[in-house]
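What follows is query30.txt (compact mmCIF, C-alpha atoms).
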# COMPACT_ATOMS: atom_id res chain seq x y z
CA MET A 1 0.00 0.00 0.00
CA ASN A 2 2.88 2.38 0.76
CA GLU A 3 4.29 1.86 -2.73
CA VAL A 4 0.87 2.46 -4.27
CA LEU A 5 0.44 5.56 -2.13
CA ARG A 6 3.82 6.99 -3.21
CA LEU A 7 2.98 6.22 -6.84
CA PHE A 8 -0.38 7.93 -6.48
CA GLU A 9 1.23 11.02 -4.86
CA SER A 10 3.81 11.20 -7.65
CA LEU A 11 1.11 10.91 -10.31
CA TYR A 12 -1.04 13.54 -8.58
CA SER A 13 1.95 15.88 -8.34
CA SER A 14 2.65 15.46 -12.05
CA ILE A 15 -1.01 16.16 -12.88
CA GLN A 16 -0.89 19.32 -10.75
CA MET A 17 2.32 20.50 -12.42
CA ALA A 18 0.83 19.86 -15.86
CA SER A 19 -2.31 21.73 -14.88
CA ARG A 20 -0.29 24.70 -13.60
CA TYR A 21 1.75 24.67 -16.81
CA ARG A 22 -1.39 24.70 -18.97
CA THR A 23 -2.89 27.48 -16.85
CA THR A 24 0.28 29.56 -17.07
CA VAL A 25 0.66 29.07 -20.82
CA ALA A 26 -3.00 29.87 -21.44
CA ALA A 27 -2.60 33.16 -19.54
CA ILE A 28 -0.01 34.63 -21.90
CA ASP A 29 -0.45 35.88 -25.44
CA ASP A 30 2.92 34.62 -26.69
CA ALA A 31 3.53 31.21 -28.20
CA LEU A 32 6.11 28.76 -26.83
CA PHE A 33 7.81 26.40 -29.23
CA GLY A 34 10.45 23.77 -29.73
CA PHE A 35 11.91 22.63 -33.05
CA SER A 36 14.89 20.98 -34.69
CA PHE A 37 16.47 21.70 -38.06
CA LEU A 38 15.66 19.83 -41.26
CA PRO A 39 18.44 19.08 -43.77
CA GLY A 40 17.24 21.93 -46.01
CA ARG A 41 17.65 24.41 -43.11
CA GLY A 42 13.90 24.37 -42.48
CA ARG A 43 12.14 23.72 -39.18
CA GLN A 44 10.44 20.68 -37.77
CA TYR A 45 8.37 21.72 -34.76
CA HIS A 46 8.14 19.16 -31.95
CA PHE A 47 5.64 21.25 -30.04
CA ILE A 48 4.06 24.67 -30.19
CA THR A 49 1.40 26.18 -27.96
CA GLU A 50 -2.11 27.06 -29.08
CA GLN A 51 -1.36 30.80 -29.19
CA ILE A 52 0.28 30.21 -32.58
CA GLU A 53 -3.17 30.19 -34.13
CA MET A 54 -3.76 33.76 -32.96
CA LEU A 55 -0.35 34.81 -34.31
CA THR A 56 -0.49 33.09 -37.71
CA GLY A 57 -4.02 31.78 -38.23
CA TYR A 58 -2.77 28.18 -38.32
CA HIS A 59 -3.62 25.64 -35.62
CA ALA A 60 -0.73 24.14 -33.69
CA SER A 61 -1.47 20.70 -35.17
CA GLU A 62 -0.97 22.14 -38.68
CA ILE A 63 2.54 23.37 -37.87
CA SER A 64 3.94 20.73 -35.50
CA GLY A 65 4.34 17.03 -36.15
CA VAL A 66 5.27 15.17 -39.34
CA ALA A 67 1.93 15.03 -41.16
CA ALA A 68 2.22 15.31 -44.92
CA SER A 69 -0.40 18.07 -44.99
CA LYS A 70 1.26 20.22 -42.34
CA VAL A 71 2.21 23.83 -43.04
CA ASP A 72 5.86 24.52 -43.84
CA TRP A 73 7.06 27.37 -41.62
CA MET A 74 9.72 28.72 -43.98
CA SER A 75 7.81 28.64 -47.26
CA ASP A 76 4.18 29.04 -46.13
CA VAL A 77 4.37 31.33 -43.09
CA ILE A 78 7.44 33.58 -43.22
CA HIS A 79 7.28 36.52 -45.60
CA PRO A 80 9.51 35.78 -48.65
CA ASP A 81 11.50 39.01 -48.22
CA ASP A 82 12.48 38.02 -44.68
CA VAL A 83 13.49 34.39 -45.40
CA PRO A 84 17.23 35.27 -45.87
CA ARG A 85 17.29 37.00 -42.48
CA VAL A 86 15.63 34.03 -40.79
CA ARG A 87 18.16 31.66 -42.41
CA ALA A 88 20.96 33.83 -40.95
CA HIS A 89 19.16 33.54 -37.60
CA HIS A 90 19.20 29.75 -38.04
CA ARG A 91 22.95 29.73 -38.65
CA THR A 92 23.51 31.62 -35.40
CA LEU A 93 21.42 29.03 -33.53
CA GLN A 94 23.21 26.11 -35.18
CA ASP A 95 26.51 27.61 -34.06
CA GLY A 96 25.23 27.29 -30.50
CA HIS A 97 24.39 30.95 -29.83
CA GLU A 98 21.19 32.47 -28.50
CA SER A 99 19.48 34.70 -31.06
CA ARG A 100 16.67 37.24 -31.34
CA ILE A 101 15.00 38.42 -34.52
CA SER A 102 11.88 40.24 -35.72
CA TYR A 103 10.36 39.18 -39.02
CA ARG A 104 7.12 39.30 -40.97
CA VAL A 105 4.68 36.41 -41.38
CA ARG A 106 1.78 35.98 -43.78
CA HIS A 107 -1.30 35.41 -41.64
CA ARG A 108 -3.90 32.98 -42.88
CA ASP A 109 -6.37 35.84 -43.31
CA GLY A 110 -4.05 37.52 -45.83
CA ASN A 111 -2.63 40.19 -43.54
CA VAL A 112 1.05 40.64 -42.75
CA ARG A 113 2.11 40.64 -39.12
CA TRP A 114 5.40 41.13 -37.32
CA LEU A 115 6.67 38.48 -34.90
CA ARG A 116 9.61 38.72 -32.53
CA GLU A 117 11.35 35.42 -31.89
CA HIS A 118 13.68 34.76 -28.96
CA ALA A 119 15.32 31.34 -29.38
CA THR A 120 17.88 29.35 -27.39
CA PRO A 121 19.66 26.28 -28.85
CA ARG A 122 20.81 23.17 -27.02
CA THR A 123 22.53 20.00 -28.21
CA ASP A 124 20.88 16.71 -27.23
CA ALA A 125 22.53 13.35 -26.56
CA THR A 126 22.51 12.47 -30.26
CA GLY A 127 24.40 15.63 -31.20
CA LEU A 128 21.43 17.27 -32.88
CA THR A 129 20.54 20.91 -32.20
CA ALA A 130 17.15 21.51 -30.63
CA VAL A 131 15.77 25.01 -30.23
CA ASN A 132 13.29 26.29 -27.69
CA GLY A 133 11.88 29.77 -27.52
CA ILE A 134 9.00 32.20 -27.55
CA LEU A 135 7.12 34.09 -30.27
CA ALA A 136 5.43 37.45 -29.67
CA ASP A 137 3.27 39.65 -31.92
CA VAL A 138 4.94 43.09 -32.29
CA SER A 139 2.84 44.36 -35.20
CA GLU A 140 1.55 47.38 -33.28
CA GLN A 141 5.04 48.29 -32.14
CA LYS A 142 6.36 48.07 -35.72
CA ALA A 143 3.47 50.18 -36.97
CA ALA A 144 4.33 52.83 -34.38
CA GLU A 145 7.98 52.71 -35.43
CA LEU A 146 6.98 53.25 -39.06
CA VAL A 147 4.86 56.24 -38.07
CA LEU A 148 7.77 57.72 -36.12
CA LEU A 149 10.16 57.04 -39.00
CA GLN A 150 7.85 58.76 -41.46
CA ALA A 151 7.47 61.71 -39.09
CA LYS A 152 11.25 61.89 -38.76
CA LYS A 153 11.67 61.91 -42.55
CA GLU A 154 9.06 64.63 -42.93
CA ALA A 155 10.72 66.69 -40.20
CA GLU A 156 14.12 66.30 -41.86
CA SER A 157 12.67 67.24 -45.22
CA SER A 158 11.02 70.30 -43.69
CA ASP A 159 14.25 71.24 -41.94
CA GLN A 160 16.21 70.89 -45.20
CA SER A 161 13.68 73.08 -47.00
CA LYS A 162 13.95 75.67 -44.24
CA THR A 163 17.75 75.59 -44.41
CA ALA A 164 17.71 75.94 -48.20
CA PHE A 165 15.31 78.88 -47.92
CA ILE A 166 17.56 80.58 -45.37
CA ALA A 167 20.61 80.02 -47.56
CA THR A 168 18.83 81.49 -50.60
CA MET A 169 17.54 84.50 -48.70
CA SER A 170 20.96 85.09 -47.12
CA HIS A 171 22.53 85.06 -50.56
CA GLU A 172 19.94 87.50 -51.92
CA ILE A 173 20.33 89.86 -48.95
CA ARG A 174 24.12 89.96 -49.06
CA THR A 175 24.34 92.01 -52.27
CA PRO A 176 22.05 94.94 -51.31
CA LEU A 177 23.37 94.85 -47.75
CA GLY A 178 26.92 95.11 -49.03
CA ALA A 179 25.90 98.21 -50.97
CA VAL A 180 24.31 99.77 -47.87
CA ASN A 181 27.43 99.06 -45.85
CA GLY A 182 29.70 100.47 -48.53
CA PHE A 183 27.67 103.64 -49.02
CA ALA A 184 27.51 104.17 -45.24
CA GLN A 185 31.30 104.09 -45.01
CA LEU A 186 31.56 106.35 -48.03
CA LEU A 187 29.11 108.77 -46.43
CA GLU A 188 31.27 108.95 -43.29
CA LYS A 189 34.28 109.89 -45.41
CA GLU A 190 32.25 112.46 -47.39
CA LEU A 191 31.13 114.08 -44.13
CA ASP A 192 34.74 114.57 -43.11
CA ASP A 193 35.57 116.24 -46.44
CA PHE A 194 32.38 118.30 -46.44
CA GLU A 195 32.93 119.50 -42.86
CA GLU A 196 36.38 120.88 -43.77
CA GLU A 197 34.76 123.21 -46.31
CA LEU A 198 32.08 124.53 -43.96
CA PRO A 199 32.69 127.53 -41.69
CA HIS A 200 31.08 125.64 -38.82
CA ASP A 201 30.76 122.05 -37.66
CA LEU A 202 27.84 119.86 -38.66
CA PRO A 203 25.29 119.00 -35.96
CA ASP A 204 26.38 116.08 -33.80
CA GLN A 205 23.22 114.21 -34.70
CA VAL A 206 24.28 113.97 -38.36
CA ARG A 207 27.52 112.18 -37.56
CA GLU A 208 25.76 110.07 -34.93
CA PHE A 209 23.12 108.94 -37.43
CA VAL A 210 25.71 108.07 -40.09
CA SER A 211 27.83 106.14 -37.57
CA ALA A 212 24.75 104.23 -36.42
CA ILE A 213 23.89 103.30 -40.01
CA SER A 214 27.44 102.11 -40.67
CA GLU A 215 27.71 100.15 -37.40
CA ARG A 216 24.35 98.43 -37.79
CA ALA A 217 24.98 97.63 -41.44
CA GLN A 218 28.28 95.96 -40.55
CA LYS A 219 26.67 93.89 -37.79
CA LEU A 220 23.81 92.87 -40.04
CA GLN A 221 26.23 91.91 -42.79
CA ALA A 222 28.24 89.78 -40.34
CA PHE A 223 25.01 88.08 -39.26
CA VAL A 224 23.98 87.34 -42.85
CA GLU A 225 27.45 85.97 -43.62
CA ASP A 226 27.28 83.61 -40.62
CA LEU A 227 23.75 82.56 -41.57
CA PHE A 228 24.80 81.87 -45.15
CA GLU A 229 27.86 79.88 -44.03
CA LEU A 230 25.91 77.82 -41.49
CA SER A 231 23.14 77.07 -43.99
CA ASN A 232 25.67 75.81 -46.53
CA VAL A 233 27.33 73.64 -43.90
CA GLU A 234 23.97 72.18 -42.82
CA MET A 235 23.09 71.35 -46.44
CA GLY A 236 26.51 69.80 -47.08
CA LYS A 237 27.46 72.43 -49.66
CA ALA A 238 30.47 73.79 -47.76
CA SER A 239 33.67 72.56 -49.39
CA LEU A 240 36.90 72.34 -47.42
CA GLN A 241 40.48 71.99 -48.66
CA ILE A 242 42.10 70.23 -45.72
CA ARG A 243 45.88 70.18 -45.91
CA SER A 244 48.87 70.11 -43.61
CA ARG A 245 49.32 73.75 -42.53
CA ASP A 246 51.58 75.61 -40.11
CA ILE A 247 49.16 76.56 -37.33
CA VAL A 248 51.67 78.86 -35.64
CA SER A 249 51.93 81.36 -38.50
CA ILE A 250 48.16 81.34 -39.20
CA THR A 251 47.29 81.76 -35.52
CA ARG A 252 49.75 84.65 -35.12
CA SER A 253 48.17 86.40 -38.09
CA VAL A 254 44.66 86.12 -36.61
CA ALA A 255 45.91 87.19 -33.16
CA ASP A 256 47.51 90.35 -34.56
CA HIS A 257 44.11 91.44 -35.85
CA HIS A 258 42.42 91.04 -32.43
CA GLU A 259 45.18 92.22 -30.09
CA SER A 260 44.45 95.89 -30.80
CA HIS A 261 40.73 95.35 -30.03
CA ALA A 262 41.60 93.78 -26.68
CA THR A 263 44.03 96.61 -25.85
CA GLU A 264 41.43 99.27 -26.69
CA LYS A 265 39.09 97.57 -24.21
CA GLY A 266 41.79 97.59 -21.50
CA LEU A 267 42.37 93.82 -21.57
CA ASP A 268 45.65 91.94 -21.40
CA PHE A 269 46.22 89.82 -24.49
CA GLU A 270 48.38 86.71 -23.99
CA LEU A 271 49.69 84.82 -26.98
CA LYS A 272 51.63 81.58 -26.39
CA LEU A 273 52.92 79.86 -29.52
CA PRO A 274 55.58 77.17 -30.05
CA GLU A 275 58.91 78.45 -31.29
CA THR A 276 58.93 75.86 -34.05
CA ARG A 277 56.47 75.06 -36.81
CA CYS A 278 53.33 73.23 -35.72
CA LEU A 279 51.55 71.36 -38.48
CA ALA A 280 47.86 70.46 -38.37
CA MET A 281 45.35 69.16 -40.91
CA VAL A 282 43.04 72.12 -41.51
CA ASP A 283 41.36 74.24 -44.13
CA GLU A 284 43.22 77.52 -43.64
CA ARG A 285 40.28 79.82 -44.36
CA ARG A 286 37.92 77.85 -42.12
CA TYR A 287 40.52 77.64 -39.34
CA ARG A 288 40.95 81.44 -39.46
CA GLN A 289 37.17 81.74 -39.29
CA VAL A 290 37.00 79.52 -36.18
CA ILE A 291 39.75 81.32 -34.24
CA ASP A 292 38.45 84.71 -35.33
CA ASN A 293 35.01 83.85 -33.97
CA LEU A 294 36.32 82.51 -30.65
CA LEU A 295 38.58 85.52 -30.07
CA SER A 296 35.77 87.94 -30.95
CA ASN A 297 33.52 86.26 -28.38
CA ALA A 298 36.26 86.21 -25.73
CA ILE A 299 36.88 89.96 -26.10
CA LYS A 300 33.16 90.79 -26.29
CA PHE A 301 32.25 88.89 -23.12
CA THR A 302 35.23 90.11 -21.04
CA ASP A 303 35.13 93.52 -19.33
CA ARG A 304 38.35 93.22 -17.36
CA GLY A 305 41.26 90.84 -17.02
CA ARG A 306 42.74 89.01 -19.97
CA VAL A 307 42.16 87.09 -23.16
CA SER A 308 44.58 84.31 -24.09
CA LEU A 309 45.41 82.27 -27.17
CA GLN A 310 47.67 79.22 -26.96
CA VAL A 311 48.87 76.44 -29.29
CA THR A 312 50.33 73.19 -27.88
CA PHE A 313 51.04 69.58 -28.87
CA SER A 314 49.38 66.58 -27.24
CA GLY A 315 50.17 63.16 -28.68
CA GLY A 316 48.88 63.01 -32.22
CA GLU A 317 46.83 66.19 -31.87
CA VAL A 318 47.35 69.95 -31.99
CA LEU A 319 45.50 71.86 -29.28
CA VAL A 320 44.41 75.48 -29.78
CA SER A 321 42.95 77.15 -26.68
CA VAL A 322 41.13 80.47 -26.40
CA GLY A 323 40.53 81.62 -22.82
CA ASP A 324 39.13 84.65 -21.06
CA THR A 325 38.22 86.00 -17.63
CA GLY A 326 34.79 87.14 -18.71
CA VAL A 327 31.22 86.44 -17.66
CA GLY A 328 31.49 82.67 -18.07
CA ILE A 329 28.79 80.19 -19.10
CA SER A 330 26.28 78.41 -16.86
CA GLU A 331 26.30 74.61 -16.75
CA ASP A 332 22.73 74.39 -18.04
CA TYR A 333 23.50 76.47 -21.11
CA GLN A 334 26.71 74.56 -21.94
CA GLU A 335 24.59 71.61 -23.09
CA ARG A 336 22.97 73.64 -25.89
CA MET A 337 25.49 76.39 -26.55
CA PHE A 338 26.40 74.93 -29.96
CA ASP A 339 22.78 74.88 -31.16
CA PRO A 340 21.97 77.51 -33.82
CA PHE A 341 20.31 80.69 -32.50
CA SER A 342 20.76 79.63 -28.88
CA GLN A 343 21.61 82.34 -26.35
CA GLU A 344 21.89 82.36 -22.59
CA GLU A 345 18.79 84.02 -21.22
CA GLU A 346 20.26 85.39 -18.01
CA TRP A 347 19.59 89.10 -17.64
CA LYS A 348 23.26 89.92 -17.05
CA ASN A 349 24.11 88.88 -20.56
CA ARG A 350 21.28 90.64 -22.36
CA ARG A 351 23.59 93.61 -22.94
CA PHE A 352 25.88 91.43 -25.07
CA GLU A 353 24.50 91.49 -28.57
CA GLY A 354 24.67 88.33 -30.61
CA THR A 355 22.74 86.02 -32.90
CA GLY A 356 23.71 82.64 -31.47
CA LEU A 357 25.19 81.52 -34.79
CA GLY A 358 28.90 81.91 -34.12
CA LEU A 359 29.50 78.92 -31.86
CA ALA A 360 27.18 76.71 -33.92
CA LEU A 361 29.27 77.50 -37.01
CA VAL A 362 32.52 76.98 -35.08
CA ASN A 363 31.37 73.56 -33.90
CA ARG A 364 30.33 72.46 -37.42
CA LEU A 365 33.58 73.65 -39.03
CA VAL A 366 35.80 72.00 -36.41
CA ASP A 367 33.90 68.74 -36.89
CA MET A 368 34.30 68.96 -40.68
CA MET A 369 38.07 69.36 -40.22
CA GLY A 370 38.15 66.12 -38.24
CA GLY A 371 38.54 67.80 -34.86
CA ARG A 372 36.48 68.41 -31.76
CA ILE A 373 35.94 71.28 -29.35
CA GLU A 374 35.83 71.22 -25.55
CA VAL A 375 34.50 73.87 -23.19
CA ASP A 376 35.56 74.60 -19.62
CA SER A 377 33.65 77.45 -18.04
CA ARG A 378 32.36 78.73 -14.71
CA LYS A 379 29.75 81.43 -14.36
CA GLY A 380 31.48 84.66 -13.39
CA PHE A 381 35.01 83.28 -13.77
CA GLY A 382 35.52 83.07 -17.52
CA SER A 383 35.66 80.41 -20.22
CA SER A 384 38.17 78.30 -22.11
CA PHE A 385 37.53 76.74 -25.53
CA THR A 386 40.02 74.08 -26.64
CA ILE A 387 40.07 72.79 -30.21
CA HIS A 388 41.62 69.38 -30.89
CA LEU A 389 42.94 69.09 -34.45
CA PRO A 390 44.64 66.18 -36.24
CA LYS A 391 48.40 66.63 -36.41
CA GLY A 392 49.79 67.27 -39.89
CA GLU A 393 52.88 65.93 -41.58
CA GLU A 394 55.68 67.68 -43.39
CA VAL A 395 55.01 67.63 -47.13
CA HIS A 396 58.06 67.58 -49.41
CA PRO A 397 57.87 68.42 -53.10
CA PRO A 398 58.36 65.39 -55.36
CA VAL A 399 61.92 64.83 -56.61
CA PRO A 400 62.15 64.74 -60.43
CA ARG A 401 62.80 61.32 -61.86
CA GLY A 402 66.47 60.66 -62.35
CA TYR A 403 67.57 63.48 -60.00
CA VAL A 404 70.76 62.97 -57.98
CA GLY A 405 71.42 65.62 -55.31
CA GLY A 406 74.71 67.52 -55.11
CA ARG A 407 75.69 71.19 -55.20
CA GLY A 408 72.36 72.27 -56.60
CA MET A 409 72.95 70.53 -59.94
CA ALA A 410 70.72 67.93 -61.49
CA ARG A 411 72.13 65.15 -63.58
CA GLU A 412 70.74 62.00 -65.09
CA THR A 413 71.51 58.65 -63.50
CA PRO A 414 73.05 56.02 -65.75
CA SER A 415 70.43 54.24 -67.80
CA THR A 416 69.94 50.53 -67.19
CA ARG A 417 67.57 49.92 -70.10
CA PRO A 418 68.51 46.90 -72.25
CA PHE A 419 69.75 47.59 -75.74
Could I get this structure in the form of structure tokens?
Amino acid sequence: MNEVLRLFESLYSSIQMASRYRTTVAAIDDALFGFSFLPGRGRQYHFITEQIEMLTGYHASEISGVAASKVDWMSDVIHPDDVPRVRAHHRTLQDGHESRISYRVRHRDGNVRWLREHATPRTDATGLTAVNGILADVSEQKAAELVLLQAKKEAESSDQSKTAFIATMSHEIRTPLGAVNGFAQLLEKELDDFEEELPHDLPDQVREFVSAISERAQKLQAFVEDLFELSNVEMGKASLQIRSRDIVSITRSVADHHESHATEKGLDFELKLPETRCLAMVDERRYRQVIDNLLSNAIKFTDRGRVSLQVTFSGGEVLVSVGDTGVGISEDYQERMFDPFSQEEEWKNRRFEGTGLGLALVNRLVDMMGGRIEVDSRKGFGSSFTIHLPKGEEVHPPVPRGYVGGRGMARETPSTRPF
């Protein structure tokens, strides 16, 4: 009786476990499966839960087993365009690795659905690979992804149209604006000549108005130039001629232009350059534009103290640093300071005029030259911008064929051609 009792308890326990398994499986929407590989890299399902009918429209008995009328998973269920991807998924499983994949299936009702399969292989005692896993319907998720992708494409297209419009308008504005700026400067000169011929001075308002026109025209022209440059960069129309250049000589030339502006403002101007040549891979005009912009900002945002410009080596890079003791930049704004048209909204800085284009253009140009820019700043203590540029190499002119050096004379080497 004890043996019968133990056998009954074991049987009852097995029935309970099977019941719990069926209850658990029935409570989920995903299908569980197990299959092995056929010689033609197809699947032979050993078992699959009833949820497969909801996912594909086919009953589990039509997919599993060896009946002649059963549905072939690869040819009848999987979408033809996704069969190569599923075969690659099979190869990963046969190599003994876990694999996940999303693919389309042709539902029995004619619709196309997306399934996500998570499969784990194991090798049985006979050496054959058996795979167990789970299938989930992700059609709604894929539909949402497609909607987001379409929205992203439309947004990018709209942004490109906006950028192209800005570039076109900037180009059209530059010509008349250049004329306004030129005539304003000419008018200032004419006032000087005209005033020498008059017995009395012109009213102060006349010179003030002309100076205001000239100053505003120059600022507006600088804004339009930056806008035009940034638009071309955003549309991929900006061409660069990146070559190995001597950064020291170029940097000194740009610094000479700004040193007088710093001195007029009562600032110390520190220039630290290597005594030897320092080669970097840059587009010279764009590099000048970058340093010019950074120095202009440093001087503009510094009321007292100093502005510095330094060039150093660091491994395979050339570092160019522009520092100041100015107003500094808050941590919150540093995250978006390179975005076009962004400006710090703190009231202290409202007196500093700007368009928010300069740093955006600097960041794009440095990136196009294969470099990167770092910022170190504290509010009220100043800022430091460091540009990392690829180090250049000395370029020697090609030696003419047959040239043998010696006392500045060229002579032909003996010919070795066969007669």
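Here atom CA of A:Val327 stands at a distance of 25.2 Å from atom CA of A:Tyr287.
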Would you mind listing what lies within 9 Å of A:Asp76 as a CSV table (one decimal) with C-alpha atoms, in the coordinates of the input, with only C-alpha atoms counted and same-chain residues fewer than 4 positions away left out?
chain,number,residue,atom,x,y,z
A,71,VAL,CA,2.2,23.8,-43.0
A,72,ASP,CA,5.9,24.5,-43.8
A,80,PRO,CA,9.5,35.8,-48.6
A,105,VAL,CA,4.7,36.4,-41.4
A,106,ARG,CA,1.8,36.0,-43.8
Legend entry - Residue contacts of A:Ala212 (12 Å, all atoms listed in the file) excluding same-chain residues fewer than 6 positions away, as a PyMOL selection string: chain A and resi 181+184-185+187-188+205-206+218-220
Inset, instruction - Fewer than 4 positions away in the same chain doesn't count, so skip those; otherwise give me all residues within 10 Å of stretch 33-45 of chain A, counting all atoms listed in the file, as a PyMOL selection string. - result: chain A and resi 49-50+52+60-61+63-66+72-75+86-87+90-91+93-94+119-122+128-135
Legend entry - Atom-to-atom span, atom CA of A:Ile329 and atom CA of A:Ser296, Å: 15.8 Å
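Counting from atom CA of A:Arg306, the distance to atom CA of A:Phe385 is 14.4 Å.
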Starting from the sparse input, extend stretch 43-66 of chain A to N, CA and C atoms and give the output as a PDB file, in the coordinates of the input.
ATOM      1  N   ARG A  43      12.453  24.038 -40.564  1.00  0.00           N
ATOM      2  CA  ARG A  43      12.140  23.720 -39.180  1.00  0.00           C
ATOM      3  C   ARG A  43      11.180  22.539 -39.092  1.00  0.00           C
ATOM      4  N   GLN A  44      11.406  21.720 -38.103  1.00  0.00           N
ATOM      5  CA  GLN A  44      10.440  20.680 -37.770  1.00  0.00           C
ATOM      6  C   GLN A  44      10.054  20.878 -36.306  1.00  0.00           C
ATOM      7  N   TYR A  45       8.828  21.412 -36.113  1.00  0.00           N
ATOM      8  CA  TYR A  45       8.370  21.720 -34.760  1.00  0.00           C
ATOM      9  C   TYR A  45       7.994  20.429 -34.042  1.00  0.00           C
ATOM     10  N   HIS A  46       8.514  20.287 -32.808  1.00  0.00           N
ATOM     11  CA  HIS A  46       8.140  19.160 -31.950  1.00  0.00           C
ATOM     12  C   HIS A  46       6.909  19.527 -31.125  1.00  0.00           C
ATOM     13  N   PHE A  47       6.827  20.774 -30.728  1.00  0.00           N
ATOM     14  CA  PHE A  47       5.640  21.250 -30.040  1.00  0.00           C
ATOM     15  C   PHE A  47       5.535  22.757 -30.229  1.00  0.00           C
ATOM     16  N   ILE A  48       4.304  23.238 -30.136  1.00  0.00           N
ATOM     17  CA  ILE A  48       4.060  24.670 -30.190  1.00  0.00           C
ATOM     18  C   ILE A  48       2.713  24.911 -29.531  1.00  0.00           C
ATOM     19  N   THR A  49       2.627  25.956 -28.725  1.00  0.00           N
ATOM     20  CA  THR A  49       1.400  26.180 -27.960  1.00  0.00           C
ATOM     21  C   THR A  49       0.291  26.759 -28.835  1.00  0.00           C
ATOM     22  N   GLU A  50      -0.926  26.711 -28.299  1.00  0.00           N
ATOM     23  CA  GLU A  50      -2.110  27.060 -29.080  1.00  0.00           C
ATOM     24  C   GLU A  50      -2.141  28.535 -29.512  1.00  0.00           C
ATOM     25  N   GLN A  51      -1.359  29.377 -28.832  1.00  0.00           N
ATOM     26  CA  GLN A  51      -1.360  30.800 -29.190  1.00  0.00           C
ATOM     27  C   GLN A  51      -0.858  31.045 -30.613  1.00  0.00           C
ATOM     28  N   ILE A  52      -0.223  30.034 -31.220  1.00  0.00           N
ATOM     29  CA  ILE A  52       0.280  30.210 -32.580  1.00  0.00           C
ATOM     30  C   ILE A  52      -0.849  30.468 -33.567  1.00  0.00           C
ATOM     31  N   GLU A  53      -2.036  29.964 -33.239  1.00  0.00           N
ATOM     32  CA  GLU A  53      -3.170  30.190 -34.130  1.00  0.00           C
ATOM     33  C   GLU A  53      -3.556  31.665 -34.157  1.00  0.00           C
ATOM     34  N   MET A  54      -3.466  32.344 -33.000  1.00  0.00           N
ATOM     35  CA  MET A  54      -3.760  33.760 -32.960  1.00  0.00           C
ATOM     36  C   MET A  54      -2.690  34.566 -33.713  1.00  0.00           C
ATOM     37  N   LEU A  55      -1.446  34.079 -33.684  1.00  0.00           N
ATOM     38  CA  LEU A  55      -0.350  34.810 -34.310  1.00  0.00           C
ATOM     39  C   LEU A  55      -0.309  34.605 -35.827  1.00  0.00           C
ATOM     40  N   THR A  56      -0.653  33.404 -36.292  1.00  0.00           N
ATOM     41  CA  THR A  56      -0.490  33.090 -37.710  1.00  0.00           C
ATOM     42  C   THR A  56      -1.782  32.653 -38.409  1.00  0.00           C
ATOM     43  N   GLY A  57      -2.802  32.290 -37.625  1.00  0.00           N
ATOM     44  CA  GLY A  57      -4.020  31.780 -38.230  1.00  0.00           C
ATOM     45  C   GLY A  57      -4.010  30.278 -38.422  1.00  0.00           C
ATOM     46  N   TYR A  58      -2.882  29.626 -38.166  1.00  0.00           N
ATOM     47  CA  TYR A  58      -2.770  28.180 -38.320  1.00  0.00           C
ATOM     48  C   TYR A  58      -2.811  27.517 -36.947  1.00  0.00           C
ATOM     49  N   HIS A  59      -3.543  26.381 -36.864  1.00  0.00           N
ATOM     50  CA  HIS A  59      -3.620  25.640 -35.620  1.00  0.00           C
ATOM     51  C   HIS A  59      -2.282  24.979 -35.341  1.00  0.00           C
ATOM     52  N   ALA A  60      -2.008  24.746 -34.066  1.00  0.00           N
ATOM     53  CA  ALA A  60      -0.730  24.140 -33.690  1.00  0.00           C
ATOM     54  C   ALA A  60      -0.506  22.801 -34.367  1.00  0.00           C
ATOM     55  N   SER A  61      -1.597  22.015 -34.554  1.00  0.00           N
ATOM     56  CA  SER A  61      -1.470  20.700 -35.170  1.00  0.00           C
ATOM     57  C   SER A  61      -1.079  20.802 -36.646  1.00  0.00           C
ATOM     58  N   GLU A  62      -1.338  21.958 -37.283  1.00  0.00           N
ATOM     59  CA  GLU A  62      -0.970  22.140 -38.680  1.00  0.00           C
ATOM     60  C   GLU A  62       0.507  22.491 -38.859  1.00  0.00           C
ATOM     61  N   ILE A  63       1.139  22.946 -37.785  1.00  0.00           N
ATOM     62  CA  ILE A  63       2.540  23.370 -37.870  1.00  0.00           C
ATOM     63  C   ILE A  63       3.475  22.329 -37.279  1.00  0.00           C
ATOM     64  N   SER A  64       3.074  21.715 -36.144  1.00  0.00           N
ATOM     65  CA  SER A  64       3.940  20.730 -35.500  1.00  0.00           C
ATOM     66  C   SER A  64       3.632  19.337 -36.022  1.00  0.00           C
ATOM     67  N   GLY A  65       4.516  18.409 -35.727  1.00  0.00           N
ATOM     68  CA  GLY A  65       4.340  17.030 -36.150  1.00  0.00           C
ATOM     69  C   GLY A  65       4.944  16.774 -37.521  1.00  0.00           C
ATOM     70  N   VAL A  66       4.662  15.583 -38.062  1.00  0.00           N
ATOM     71  CA  VAL A  66       5.270  15.170 -39.340  1.00  0.00           C
ATOM     72  C   VAL A  66       4.207  14.841 -40.376  1.00  0.00           C
TER      73      VAL A  66
END
